[in-house]
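Peer 1: What follows is model.cif; its format and atoms are mmCIF, C-alpha atoms and all ligand atoms.
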data_structure
#
loop_
_atom_site.label_atom_id
_atom_site.label_comp_id
_atom_site.auth_asym_id
_atom_site.auth_seq_id
_atom_site.Cartn_x
_atom_site.Cartn_y
_atom_site.Cartn_z
CA MET A 17 66.52 109.10 -180.38
CA ASN A 18 64.24 111.44 -182.24
CA LYS A 19 61.92 113.39 -179.95
CA ASP A 20 58.96 113.48 -182.33
CA ARG A 21 59.20 109.74 -182.94
CA ILE A 22 59.23 109.06 -179.22
CA GLU A 23 56.13 111.17 -178.82
CA GLN A 24 54.34 109.49 -181.73
CA ALA A 25 55.19 106.04 -180.42
CA TYR A 26 53.96 107.06 -177.01
CA GLU A 27 50.59 108.17 -178.37
CA LEU A 28 50.10 104.77 -180.01
CA ALA A 29 51.22 102.94 -176.89
CA LYS A 30 48.90 105.04 -174.80
CA GLU A 31 45.94 103.90 -176.93
CA GLN A 32 46.91 100.25 -176.68
CA TYR A 33 47.21 100.36 -172.92
CA ALA A 34 43.99 102.37 -172.63
CA GLU A 35 42.18 99.51 -174.38
CA LEU A 36 43.25 97.36 -171.45
CA GLY A 37 42.14 99.95 -168.95
CA VAL A 38 45.62 101.27 -168.14
CA ASN A 39 46.33 105.01 -168.06
CA THR A 40 49.93 105.55 -169.16
CA ASP A 41 49.99 109.22 -168.12
CA ALA A 42 49.11 108.14 -164.60
CA VAL A 43 51.87 105.53 -164.71
CA ILE A 44 54.42 108.17 -165.65
CA GLU A 45 53.21 110.27 -162.75
CA LYS A 46 53.39 107.33 -160.35
CA MET A 47 56.96 106.45 -161.34
CA GLN A 48 57.90 109.51 -159.27
CA GLU A 49 57.21 107.44 -156.17
CA VAL A 50 59.85 104.86 -157.00
CA VAL A 51 63.08 106.04 -155.41
CA ILE A 52 66.14 103.87 -155.86
CA SER A 53 69.04 103.97 -153.45
CA LEU A 54 72.27 103.85 -155.43
CA HIS A 55 74.90 101.73 -153.70
CA CYS A 56 78.18 103.63 -153.75
CA TRP A 57 80.28 100.47 -153.88
CA GLN A 58 79.95 99.79 -157.61
CA THR A 59 82.20 102.80 -158.21
CA ASP A 60 85.30 101.05 -156.83
CA ASP A 61 84.57 97.31 -156.50
CA VAL A 62 83.79 97.57 -152.75
CA GLY A 63 87.29 98.90 -152.07
CA GLY A 64 86.52 101.61 -149.55
CA ALA A 65 88.23 104.91 -148.86
CA GLU A 66 90.24 103.99 -145.79
CA THR A 67 93.55 102.97 -147.37
CA PRO A 68 94.36 102.21 -151.01
CA ASP A 69 94.44 98.45 -150.36
CA ALA A 70 91.90 98.25 -147.54
CA HIS A 71 89.90 95.58 -149.25
CA LEU A 72 92.82 93.16 -149.27
CA SER A 73 93.08 92.93 -145.52
CA GLY A 74 90.27 90.58 -144.56
CA GLY A 75 87.45 88.91 -146.35
CA GLY A 76 83.72 88.86 -146.57
CA ILE A 77 83.18 90.47 -149.95
CA GLN A 78 84.61 89.78 -153.36
CA ALA A 79 84.49 91.61 -156.69
CA THR A 80 85.99 90.10 -159.81
CA GLY A 81 87.42 91.84 -162.86
CA ASN A 82 89.87 94.64 -163.51
CA TYR A 83 88.19 96.86 -166.07
CA PRO A 84 90.00 100.21 -166.22
CA GLY A 85 88.63 103.42 -164.78
CA LYS A 86 87.58 102.55 -161.27
CA ALA A 87 87.19 105.39 -158.82
CA SER A 88 89.98 105.59 -156.31
CA THR A 89 89.16 108.82 -154.51
CA ILE A 90 85.98 110.21 -153.03
CA ALA A 91 86.05 113.00 -155.62
CA GLU A 92 86.08 110.37 -158.38
CA MET A 93 83.26 108.46 -156.75
CA ARG A 94 81.14 111.59 -156.64
CA ALA A 95 81.95 112.52 -160.21
CA ASP A 96 80.94 109.03 -161.33
CA LEU A 97 77.72 109.03 -159.32
CA GLU A 98 76.85 112.47 -160.67
CA LYS A 99 77.37 111.18 -164.20
CA VAL A 100 75.22 108.14 -163.45
CA MET A 101 72.41 110.32 -162.14
CA THR A 102 72.35 112.38 -165.32
CA LEU A 103 71.54 109.17 -167.18
CA LEU A 104 68.76 107.91 -164.92
CA PRO A 105 65.15 109.02 -165.05
CA GLY A 106 63.41 109.54 -161.72
CA LYS A 107 64.64 110.13 -158.22
CA GLN A 108 67.49 108.38 -156.49
CA ARG A 109 69.23 108.32 -153.13
CA LEU A 110 72.80 107.53 -152.13
CA ASN A 111 73.55 104.35 -150.22
CA LEU A 112 76.92 104.77 -148.52
CA HIS A 113 79.04 102.22 -146.67
CA ALA A 114 80.89 103.32 -143.55
CA MET A 115 84.27 102.44 -145.07
CA TYR A 116 83.80 105.32 -147.50
CA GLY A 117 84.24 108.03 -144.87
CA ASP A 118 86.03 111.20 -145.90
CA PHE A 119 89.03 110.57 -143.65
CA GLN A 120 91.31 113.15 -145.27
CA GLY A 121 94.33 110.86 -145.11
CA GLU A 122 93.90 110.21 -141.40
CA LYS A 123 93.78 106.59 -140.24
CA VAL A 124 90.44 106.20 -138.48
CA ASP A 125 89.54 102.69 -137.44
CA ARG A 126 85.94 101.53 -137.70
CA ASP A 127 85.33 101.83 -133.98
CA GLN A 128 86.36 105.49 -134.12
CA ILE A 129 84.22 106.90 -136.93
CA GLU A 130 82.12 109.99 -136.30
CA VAL A 131 79.64 112.17 -138.13
CA LYS A 132 82.42 114.55 -139.14
CA HIS A 133 83.88 111.85 -141.39
CA PHE A 134 80.65 111.76 -143.36
CA GLN A 135 79.74 115.43 -143.34
CA SER A 136 81.09 116.00 -146.83
CA TRP A 137 78.89 113.15 -148.11
CA ILE A 138 75.87 114.64 -146.36
CA ASN A 139 76.67 118.00 -147.95
CA TRP A 140 77.07 116.37 -151.33
CA CYS A 141 73.65 114.70 -150.98
CA LYS A 142 72.13 118.00 -149.95
CA ALA A 143 73.62 119.67 -153.00
CA GLN A 144 72.25 116.89 -155.21
CA GLY A 145 68.85 117.15 -153.55
CA ILE A 146 68.84 113.48 -152.61
CA GLY A 147 68.44 111.41 -149.43
CA MET A 148 71.08 109.12 -148.04
CA ASP A 149 71.18 105.62 -146.58
CA PHE A 150 74.03 104.08 -144.62
CA ASN A 151 75.65 100.74 -143.83
CA ALA A 152 77.99 99.43 -141.19
CA SER A 153 81.05 97.89 -142.89
CA CYS A 154 81.65 94.64 -141.02
CA PHE A 155 84.03 93.10 -143.56
CA SER A 156 87.29 93.82 -145.38
CA HIS A 157 89.12 94.42 -142.14
CA PRO A 158 91.77 92.55 -140.14
CA ARG A 159 89.24 92.01 -137.35
CA ALA A 160 86.99 90.20 -139.83
CA ALA A 161 89.77 88.05 -141.23
CA ASP A 162 88.72 84.91 -139.33
CA GLY A 163 85.23 85.14 -140.80
CA TYR A 164 83.41 86.44 -137.72
CA THR A 165 82.42 89.93 -136.64
CA LEU A 166 79.32 90.53 -134.48
CA SER A 167 79.16 86.82 -133.64
CA SER A 168 82.86 86.50 -132.89
CA LYS A 169 83.93 84.41 -129.92
CA ASN A 170 86.92 86.72 -129.66
CA GLU A 171 85.38 89.18 -127.22
CA GLU A 172 87.67 92.03 -128.20
CA ASN A 173 86.69 91.66 -131.85
CA ARG A 174 83.01 91.30 -131.01
CA GLN A 175 83.06 94.51 -129.00
CA PHE A 176 84.95 96.28 -131.74
CA TRP A 177 82.16 95.47 -134.22
CA VAL A 178 79.42 96.34 -131.75
CA GLU A 179 81.04 99.73 -131.32
CA HIS A 180 81.24 100.14 -135.09
CA VAL A 181 77.55 99.40 -135.61
CA LYS A 182 76.60 101.68 -132.70
CA ARG A 183 78.50 104.54 -134.28
CA CYS A 184 77.05 103.83 -137.69
CA ARG A 185 73.54 104.06 -136.27
CA ALA A 186 74.33 107.38 -134.57
CA ILE A 187 75.78 108.69 -137.83
CA SER A 188 72.68 107.48 -139.69
CA ALA A 189 70.40 109.39 -137.34
CA GLU A 190 72.39 112.55 -137.96
CA ILE A 191 72.28 111.97 -141.72
CA GLY A 192 68.49 111.63 -141.63
CA LYS A 193 68.15 114.67 -139.42
CA GLN A 194 70.28 116.87 -141.66
CA LEU A 195 68.73 115.70 -144.91
CA GLY A 196 65.14 115.66 -143.67
CA THR A 197 64.47 112.12 -144.86
CA PRO A 198 64.95 108.96 -142.80
CA CYS A 199 68.27 107.22 -143.34
CA VAL A 200 67.96 103.45 -143.55
CA HIS A 201 70.84 101.80 -141.74
CA ASN A 202 71.47 98.25 -142.89
CA THR A 203 73.49 95.71 -140.97
CA TRP A 204 74.96 92.79 -142.85
CA VAL A 205 77.76 90.62 -141.50
CA PRO A 206 79.62 87.88 -143.36
CA ASP A 207 79.88 85.65 -140.29
CA GLY A 208 79.85 81.98 -141.03
CA SER A 209 81.72 78.76 -141.29
CA LYS A 210 83.47 77.15 -144.22
CA ASP A 211 83.09 73.66 -142.85
CA THR A 212 80.48 72.00 -140.67
CA PRO A 213 80.45 73.85 -137.37
CA ILE A 214 79.58 72.34 -134.00
CA ASP A 215 78.28 75.43 -132.29
CA ARG A 216 75.73 77.00 -134.64
CA ASN A 217 73.67 78.00 -131.66
CA GLY A 218 76.57 79.66 -129.86
CA TYR A 219 77.31 81.98 -132.76
CA ARG A 220 73.66 82.89 -133.19
CA THR A 221 73.32 83.63 -129.51
CA LEU A 222 76.32 85.94 -129.80
CA LEU A 223 74.91 87.64 -132.88
CA LYS A 224 71.66 88.34 -131.07
CA LYS A 225 73.54 89.69 -128.06
CA SER A 226 75.67 91.96 -130.24
CA LEU A 227 72.70 93.29 -132.18
CA ASP A 228 70.89 94.03 -128.94
CA GLU A 229 73.91 95.92 -127.67
CA ALA A 230 74.49 97.78 -130.93
CA MET A 231 70.83 98.76 -131.17
CA SER A 232 70.34 99.66 -127.53
CA VAL A 233 69.98 103.36 -128.36
CA ASP A 234 66.64 104.32 -129.90
CA TYR A 235 66.52 107.02 -132.56
CA PRO A 236 63.41 108.73 -133.90
CA LYS A 237 62.13 106.96 -136.99
CA GLU A 238 62.07 110.24 -138.90
CA TYR A 239 65.87 110.23 -138.61
CA MET A 240 66.88 106.62 -139.01
CA LYS A 241 65.48 103.14 -139.45
CA ASP A 242 67.28 99.88 -138.84
CA ALA A 243 67.40 96.98 -141.26
CA VAL A 244 69.10 93.60 -140.94
CA GLU A 245 70.17 91.55 -143.95
CA SER A 246 70.28 87.78 -144.10
CA LYS A 247 72.31 85.54 -146.38
CA LEU A 248 72.30 81.90 -147.37
CA PHE A 249 76.03 81.37 -147.84
CA GLY A 250 79.15 83.21 -148.87
CA ILE A 251 82.57 82.31 -150.21
CA GLY A 252 84.40 80.79 -147.26
CA ALA A 253 81.13 80.45 -145.35
CA GLU A 254 79.60 77.63 -147.32
CA SER A 255 78.43 75.43 -144.47
CA MET A 256 76.71 77.87 -142.12
CA THR A 257 75.84 81.54 -142.16
CA VAL A 258 75.12 82.88 -138.70
CA GLY A 259 72.72 85.56 -139.91
CA SER A 260 70.37 83.31 -141.81
CA HIS A 261 66.93 84.37 -143.01
CA ASP A 262 65.18 82.62 -140.11
CA PHE A 263 67.48 84.37 -137.68
CA TYR A 264 66.99 87.87 -139.03
CA LEU A 265 63.32 87.63 -139.83
CA GLY A 266 62.75 86.67 -136.22
CA TYR A 267 64.96 89.50 -135.04
CA ALA A 268 63.22 92.04 -137.27
CA ILE A 269 59.74 91.00 -136.17
CA LYS A 270 60.62 90.93 -132.51
CA ASN A 271 62.14 94.41 -132.64
CA ASN A 272 59.89 95.85 -135.34
CA ILE A 273 62.76 96.87 -137.56
CA MET A 274 63.16 96.32 -141.29
CA ILE A 275 64.20 93.04 -142.81
CA CYS A 276 66.51 93.47 -145.79
CA LEU A 277 65.83 90.97 -148.54
CA ASP A 278 68.71 90.62 -150.97
CA ASN A 279 67.49 88.46 -153.82
CA GLY A 280 70.97 86.99 -154.20
CA HIS A 281 70.80 85.52 -150.72
CA PHE A 282 68.32 82.68 -151.06
CA HIS A 283 68.11 79.23 -152.54
CA PRO A 284 67.97 79.60 -156.34
CA THR A 285 64.32 78.63 -156.70
CA GLU A 286 63.12 80.86 -153.86
CA GLN A 287 61.75 84.20 -154.97
CA VAL A 288 62.03 87.39 -152.99
CA GLY A 289 58.95 88.63 -154.83
CA ASP A 290 57.01 85.97 -152.98
CA LYS A 291 58.44 86.95 -149.61
CA ILE A 292 57.37 90.61 -149.58
CA SER A 293 53.71 90.03 -148.76
CA SER A 294 54.71 87.54 -146.08
CA CYS A 295 57.20 89.81 -144.38
CA LEU A 296 54.90 92.81 -144.50
CA GLN A 297 52.31 90.93 -142.45
CA TRP A 298 54.77 91.11 -139.56
CA VAL A 299 57.04 94.12 -140.02
CA ASP A 300 56.13 97.65 -141.10
CA GLU A 301 58.75 98.00 -143.78
CA VAL A 302 61.10 95.95 -145.91
CA LEU A 303 64.41 96.96 -147.47
CA LEU A 304 65.43 95.39 -150.76
CA HIS A 305 68.84 94.76 -152.19
CA VAL A 306 68.01 94.20 -155.81
CA THR A 307 70.67 92.18 -157.54
CA ARG A 308 71.18 89.22 -159.90
CA PRO A 309 72.56 86.01 -158.49
CA ILE A 310 74.48 83.69 -160.79
CA ARG A 311 75.73 80.39 -159.37
CA TRP A 312 78.02 81.31 -156.47
CA ASP A 313 77.89 85.06 -157.08
CA SER A 314 75.03 87.02 -155.59
CA ASP A 315 75.97 90.38 -157.08
CA HIS A 316 75.80 90.56 -160.88
CA VAL A 317 74.39 93.69 -162.52
CA VAL A 318 70.60 93.70 -162.38
CA THR A 319 68.78 92.92 -165.61
CA LEU A 320 65.10 92.94 -166.37
CA ASN A 321 64.40 89.32 -165.49
CA GLU A 322 61.44 87.49 -164.01
CA ASP A 323 62.74 87.63 -160.45
CA VAL A 324 63.05 91.39 -160.49
CA GLN A 325 59.71 91.67 -162.28
CA LEU A 326 57.91 89.67 -159.59
CA ILE A 327 59.47 91.87 -156.91
CA ALA A 328 58.26 95.05 -158.62
CA SER A 329 54.85 93.61 -159.45
CA GLU A 330 54.23 92.51 -155.88
CA ILE A 331 55.11 95.99 -154.61
CA VAL A 332 52.93 97.78 -157.14
CA ARG A 333 49.95 95.40 -157.04
CA ASN A 334 49.66 95.77 -153.31
CA ASN A 335 50.48 99.44 -153.09
CA PHE A 336 53.56 98.75 -151.01
CA ILE A 337 55.72 101.46 -152.57
CA SER A 338 55.88 103.44 -149.33
CA ARG A 339 56.63 100.33 -147.24
CA VAL A 340 59.38 98.84 -149.36
CA LYS A 341 62.67 100.74 -149.69
CA VAL A 342 64.54 99.81 -152.82
CA GLY A 343 68.31 99.59 -152.82
CA LEU A 344 70.62 97.96 -155.33
CA ASP A 345 73.47 95.64 -154.53
CA PHE A 346 75.74 94.62 -157.36
CA PHE A 347 79.38 95.15 -158.17
CA ASP A 348 80.93 94.14 -161.42
CA ALA A 349 84.58 95.06 -161.89
CA SER A 350 84.74 93.54 -165.38
CA ILE A 351 82.74 96.16 -167.30
CA ASN A 352 82.44 99.93 -167.41
CA ARG A 353 81.20 100.71 -163.92
CA ILE A 354 79.09 103.71 -164.90
CA GLY A 355 77.46 101.47 -167.46
CA ALA A 356 76.85 98.85 -164.78
CA TYR A 357 74.96 101.39 -162.65
CA VAL A 358 72.89 102.71 -165.50
CA VAL A 359 71.94 99.31 -166.91
CA GLY A 360 71.18 97.89 -163.46
CA THR A 361 69.20 100.84 -162.14
CA ARG A 362 67.24 101.26 -165.34
CA ALA A 363 66.41 97.55 -165.29
CA ALA A 364 64.93 97.89 -161.80
CA GLN A 365 63.01 101.00 -162.84
CA LYS A 366 61.72 99.25 -165.95
CA ALA A 367 60.39 96.43 -163.81
CA PHE A 368 58.41 98.96 -161.79
CA MET A 369 57.03 100.62 -164.88
CA ILE A 370 55.98 97.30 -166.37
CA ALA A 371 54.29 96.47 -163.08
CA MET A 372 52.38 99.74 -163.23
CA LEU A 373 51.30 99.07 -166.81
CA GLU A 374 49.39 96.00 -165.68
CA PRO A 375 45.58 95.96 -165.59
CA THR A 376 45.67 94.41 -162.14
CA SER A 377 41.98 94.72 -161.38
CA THR A 378 41.04 92.80 -164.55
CA LEU A 379 43.51 90.07 -163.68
CA LEU A 380 42.18 89.92 -160.16
CA LYS A 381 38.62 89.62 -161.43
CA TYR A 382 39.64 86.71 -163.61
CA GLU A 383 41.42 85.06 -160.73
CA GLU A 384 38.55 85.42 -158.31
CA ALA A 385 36.08 84.08 -160.89
CA GLY A 386 38.27 81.02 -161.46
CA GLN A 387 39.03 82.19 -165.02
CA ASN A 388 42.62 81.08 -164.96
CA PHE A 389 42.98 80.66 -168.72
CA GLU A 390 41.96 84.28 -169.13
CA ARG A 391 44.42 85.37 -166.44
CA LEU A 392 47.24 83.45 -168.13
CA ALA A 393 46.38 84.80 -171.57
CA LEU A 394 46.27 88.42 -170.45
CA LEU A 395 49.59 88.06 -168.62
CA GLU A 396 51.11 86.64 -171.80
CA GLU A 397 49.68 89.36 -174.02
CA LEU A 398 51.02 92.04 -171.72
CA LYS A 399 54.53 90.84 -172.43
CA THR A 400 54.35 92.11 -176.01
CA LYS A 401 52.60 95.42 -175.35
CA PRO A 402 54.68 98.50 -176.30
CA PHE A 403 56.22 99.11 -172.92
CA GLY A 404 59.39 100.50 -174.52
CA ALA A 405 57.49 103.42 -175.99
CA VAL A 406 56.26 104.44 -172.56
CA TRP A 407 59.74 104.00 -171.12
CA ASP A 408 61.38 106.15 -173.80
CA TYR A 409 58.74 108.81 -173.32
CA TRP A 410 59.41 108.87 -169.59
CA CYS A 411 63.14 109.31 -170.26
CA LEU A 412 62.38 112.15 -172.65
CA HIS A 413 60.06 113.71 -170.12
CA LYS A 414 62.81 113.46 -167.48
CA ASN A 415 65.42 114.92 -169.80
CA VAL A 416 67.71 111.90 -169.82
CA PRO A 417 68.80 109.85 -172.84
CA ALA A 418 66.11 107.53 -174.18
CA GLY A 419 66.67 104.08 -175.64
CA VAL A 420 70.30 103.20 -176.38
CA ASP A 421 71.44 106.82 -176.33
CA TYR A 422 73.10 106.48 -172.95
CA ILE A 423 75.62 104.00 -174.38
CA SER A 424 77.46 106.63 -176.39
CA GLU A 425 77.33 109.09 -173.48
CA ILE A 426 79.03 106.53 -171.27
CA GLN A 427 81.61 105.79 -173.96
CA GLN A 428 82.34 109.50 -174.12
CA TYR A 429 82.76 109.70 -170.33
CA GLU A 430 85.06 106.71 -170.51
CA ARG A 431 87.26 108.45 -173.05
CA ASP A 432 87.20 111.83 -171.32
CA VAL A 433 87.43 110.76 -167.69
CA LEU A 434 87.73 107.08 -166.84
CA LEU A 435 90.63 106.14 -169.09
CA LYS A 436 92.62 109.14 -167.88
CA ARG A 437 92.69 107.84 -164.31
C1 LIG B 501 76.80 90.85 -149.08
C2 LIG B 501 75.58 91.68 -148.83
C3 LIG B 501 75.82 93.12 -148.52
C4 LIG B 501 76.95 93.72 -149.31
C5 LIG B 501 77.08 95.21 -149.17
C6 LIG B 501 78.39 95.69 -149.64
O1 LIG B 501 76.51 89.60 -149.50
O2 LIG B 501 74.72 91.55 -149.91
O3 LIG B 501 74.67 93.83 -148.68
O4 LIG B 501 76.85 93.40 -150.66
O5 LIG B 501 76.77 95.58 -147.90
ZN ZN B 502 73.05 92.87 -150.04
#
Would you write out, as structure tokens, the structure that this file holds?
Peer 2:
Amino acid sequence: MNKDRIEQAYELAKEQYAELGVNTDAVIEKMQEVVISLHCWQTDDVGGAETPDAHLSGGGIQATGNYPGKASTIAEMRADLEKVMTLLPGKQRLNLHAMYGDFQGEKVDRDQIEVKHFQSWINWCKAQGIGMDFNASCFSHPRAADGYTLSSKNEENRQFWVEHVKRCRAISAEIGKQLGTPCVHNTWVPDGSKDTPIDRNGYRTLLKKSLDEAMSVDYPKEYMKDAVESKLFGIGAESMTVGSHDFYLGYAIKNNIMICLDNGHFHPTEQVGDKISSCLQWVDEVLLHVTRPIRWDSDHVVTLNEDVQLIASEIVRNNFISRVKVGLDFFDASINRIGAYVVGTRAAQKAFMIAMLEPTSTLLKYEEAGQNFERLALLEELKTKPFGAVWDYWCLHKNVPAGVDYISEIQQYERDVLLKR
């Protein structure tokens, strides 16, 4: 896109927003505060770096598609993430899963992982000038093949997963310490039952016990923070998920840890945007997995839709930016994966910018005066204000491609790098 045109369009947009009482320069400044944690697992369809076919050995997670070019080494993952970051305005973090340790060809089971296996990732983050978040990988493993991990009635398996989560938390604390920014450690388990179970309570009691054991060591909050992620159902766990929202919200409140809200993990008419102000009455911080659910899949590439918009608007309206950590959680193996990251992350960022371009105090005044027609009208008019001009200007300002320009850059990377793999 032409630089002068972007600047001209911005000046006009700035005037239009100013008429509504919105300062676009301040919005551009405030976008700095929105930091998105890039999930590493879109690089390779949640394969992991343990063995070439690790993901085939036990369920819990599923990616569909076989678009060429997926990363199959840590070096390729890093190259891809570096490329992605050159195409994104604003600041990001890395969100790494434990199964992506740098094991150097050694077979290290999940109950044996140590900081040393992640040191090269920490160094990479340091070199990139970004923070890092971490996740226990309680899936895609023979000990998860029967559908249970932390809530397993097989005591040996249960202890194996407790040990894994314990180690992941210790590694997280070291990550946060080394990088000087708290590492959010998220625990999600696929545990659940395909058909109607008898002992729902038994599994939930075991999950609580395991979490208590895995979280028995306290770490300073400047190093690491715990989050727990609920789910409604998964493939093969259609009838009951042990870690339901009720379960984890209770656990998070009781232990004052973060609740992770993945917007693909609720009934289709429930909105995570509506849950943020409820959860934050009871816990200090919330973690988000921003995604796009479609029918049975909870992990399509994020687009700028109403669900994501409500999430961003609720955070911005209430000044919750520092209390809500934003991560992404999608994996699409059927399209260019770099493109998936860039489209999905930009969509989330756009939602935040649109939220910031709202004259919230005017809308609030209308609402409190019972002027609901006026509130509705202004919300509708905002939809056709020149948001895109502000967005393009921000991209220009951040030295990343504006508008559609990233498409050709990704096509070029595909030709030069991805198709040669
Ligand atoms: C799965 C959860 C979980 C995973 C990642 C890989 O339904 O959303 O967050 O997607 O941990
Ligand atoms: Zn998730």
Peer 1: Is it possible to get the residues within 12 Å of (63.6, 118.6, -153.3) (coordinates as in the file, counting all atoms listed in the file) written as a PDB file with C-alpha atoms, keeping the file's coordinate frame?
Peer 2:
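Result went into out02.pdb, see below:
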ATOM      1  CA  LYS A 107      64.640 110.130-158.220  1.00  0.00           C
ATOM      2  CA  GLN A 108      67.490 108.380-156.490  1.00  0.00           C
ATOM      3  CA  ARG A 109      69.230 108.320-153.130  1.00  0.00           C
ATOM      4  CA  CYS A 141      73.650 114.700-150.980  1.00  0.00           C
ATOM      5  CA  LYS A 142      72.130 118.000-149.950  1.00  0.00           C
ATOM      6  CA  ALA A 143      73.620 119.670-153.000  1.00  0.00           C
ATOM      7  CA  GLN A 144      72.250 116.890-155.210  1.00  0.00           C
ATOM      8  CA  GLY A 145      68.850 117.150-153.550  1.00  0.00           C
ATOM      9  CA  ILE A 146      68.840 113.480-152.610  1.00  0.00           C
ATOM     10  CA  GLY A 147      68.440 111.410-149.430  1.00  0.00           C
ATOM     11  CA  LEU A 195      68.730 115.700-144.910  1.00  0.00           C
ATOM     12  CA  GLY A 196      65.140 115.660-143.670  1.00  0.00           C
ATOM     13  CA  THR A 197      64.470 112.120-144.860  1.00  0.00           C
TER      14      THR A 197
END
Peer 1: Grab the atom CA of A:Gln365 to atom CA of A:Val342 distance for me, in Å with one decimal place.
Peer 2: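 Going from atom CA of A:Gln365 over to atom CA of A:Val342 covers 10.2 Å.
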Peer 1: Do you have the atom CA of A:Ser232-atom CA of A:Gln135 distance handy?
Peer 2: 24.2 Å
Peer 1: Report the distance between atom CA of A:Gly63 and atom CA of A:Asp323 in Å, rounded to one decimal place.
Peer 2: 28.3 Å
Peer 1: Identify the residues around (68.9, 83.4, -151.4) within a radius of 12 Å, measuring from only C-alpha atoms in the coordinates stated by the file, and give them as an NGL selection string.
Peer 2: :A and (245-250 or 257 or 260-262 or 276-289 or 291 or 305-315 or 323)
Peer 1: How would the residues just chosen look if you wrote them out with C-alpha atoms as an mmCIF file, in the frame of the given file?
Peer 2:
data_model
loop_
_atom_site.group_PDB
_atom_site.id
_atom_site.type_symbol
_atom_site.label_atom_id
_atom_site.label_comp_id
_atom_site.auth_asym_id
_atom_site.auth_seq_id
_atom_site.Cartn_x
_atom_site.Cartn_y
_atom_site.Cartn_z
ATOM 1 C CA GLU A 245 70.170 91.550 -143.950
ATOM 2 C CA SER A 246 70.280 87.780 -144.100
ATOM 3 C CA LYS A 247 72.310 85.540 -146.380
ATOM 4 C CA LEU A 248 72.300 81.900 -147.370
ATOM 5 C CA PHE A 249 76.030 81.370 -147.840
ATOM 6 C CA GLY A 250 79.150 83.210 -148.870
ATOM 7 C CA THR A 257 75.840 81.540 -142.160
ATOM 8 C CA SER A 260 70.370 83.310 -141.810
ATOM 9 C CA HIS A 261 66.930 84.370 -143.010
ATOM 10 C CA ASP A 262 65.180 82.620 -140.110
ATOM 11 C CA CYS A 276 66.510 93.470 -145.790
ATOM 12 C CA LEU A 277 65.830 90.970 -148.540
ATOM 13 C CA ASP A 278 68.710 90.620 -150.970
ATOM 14 C CA ASN A 279 67.490 88.460 -153.820
ATOM 15 C CA GLY A 280 70.970 86.990 -154.200
ATOM 16 C CA HIS A 281 70.800 85.520 -150.720
ATOM 17 C CA PHE A 282 68.320 82.680 -151.060
ATOM 18 C CA HIS A 283 68.110 79.230 -152.540
ATOM 19 C CA PRO A 284 67.970 79.600 -156.340
ATOM 20 C CA THR A 285 64.320 78.630 -156.700
ATOM 21 C CA GLU A 286 63.120 80.860 -153.860
ATOM 22 C CA GLN A 287 61.750 84.200 -154.970
ATOM 23 C CA VAL A 288 62.030 87.390 -152.990
ATOM 24 C CA GLY A 289 58.950 88.630 -154.830
ATOM 25 C CA LYS A 291 58.440 86.950 -149.610
ATOM 26 C CA HIS A 305 68.840 94.760 -152.190
ATOM 27 C CA VAL A 306 68.010 94.200 -155.810
ATOM 28 C CA THR A 307 70.670 92.180 -157.540
ATOM 29 C CA ARG A 308 71.180 89.220 -159.900
ATOM 30 C CA PRO A 309 72.560 86.010 -158.490
ATOM 31 C CA ILE A 310 74.480 83.690 -160.790
ATOM 32 C CA ARG A 311 75.730 80.390 -159.370
ATOM 33 C CA TRP A 312 78.020 81.310 -156.470
ATOM 34 C CA ASP A 313 77.890 85.060 -157.080
ATOM 35 C CA SER A 314 75.030 87.020 -155.590
ATOM 36 C CA ASP A 315 75.970 90.380 -157.080
ATOM 37 C CA ASP A 323 62.740 87.630 -160.450
#
Peer 1: Taking into account all atoms listed in the file, which residue in the set A:Arg339, A:Asp162, A:Arg333, A:Gly266 is nearest to A:Leu296?
Peer 2: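 Once distances to A:Leu296 are computed over all atoms listed in the file, the minimum belongs to A:Arg339.
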Peer 1: Rank A:Ser255, A:Ser167, A:Ser153, A:Asn173 by their smallest atom-to-atom distance to ligand ZN 502 (chain B), using all atoms listed in the file, and report the top residue only.
Peer 2: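 Looking at the shortest contact to ligand ZN 502 (chain B), the residue is A:Ser153.
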Peer 1: If we count all atoms listed in the file and set the cut-off at 9 Å, which residues sit around A:Gly37, ignoring sequence neighbours fewer than 3 positions away in its own chain? Please answer as a list in words.
Peer 2: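 Skipping anything fewer than 3 positions along the chain leaves Tyr33, Ala34, Glu374, Pro375 and Thr378 of chain A.
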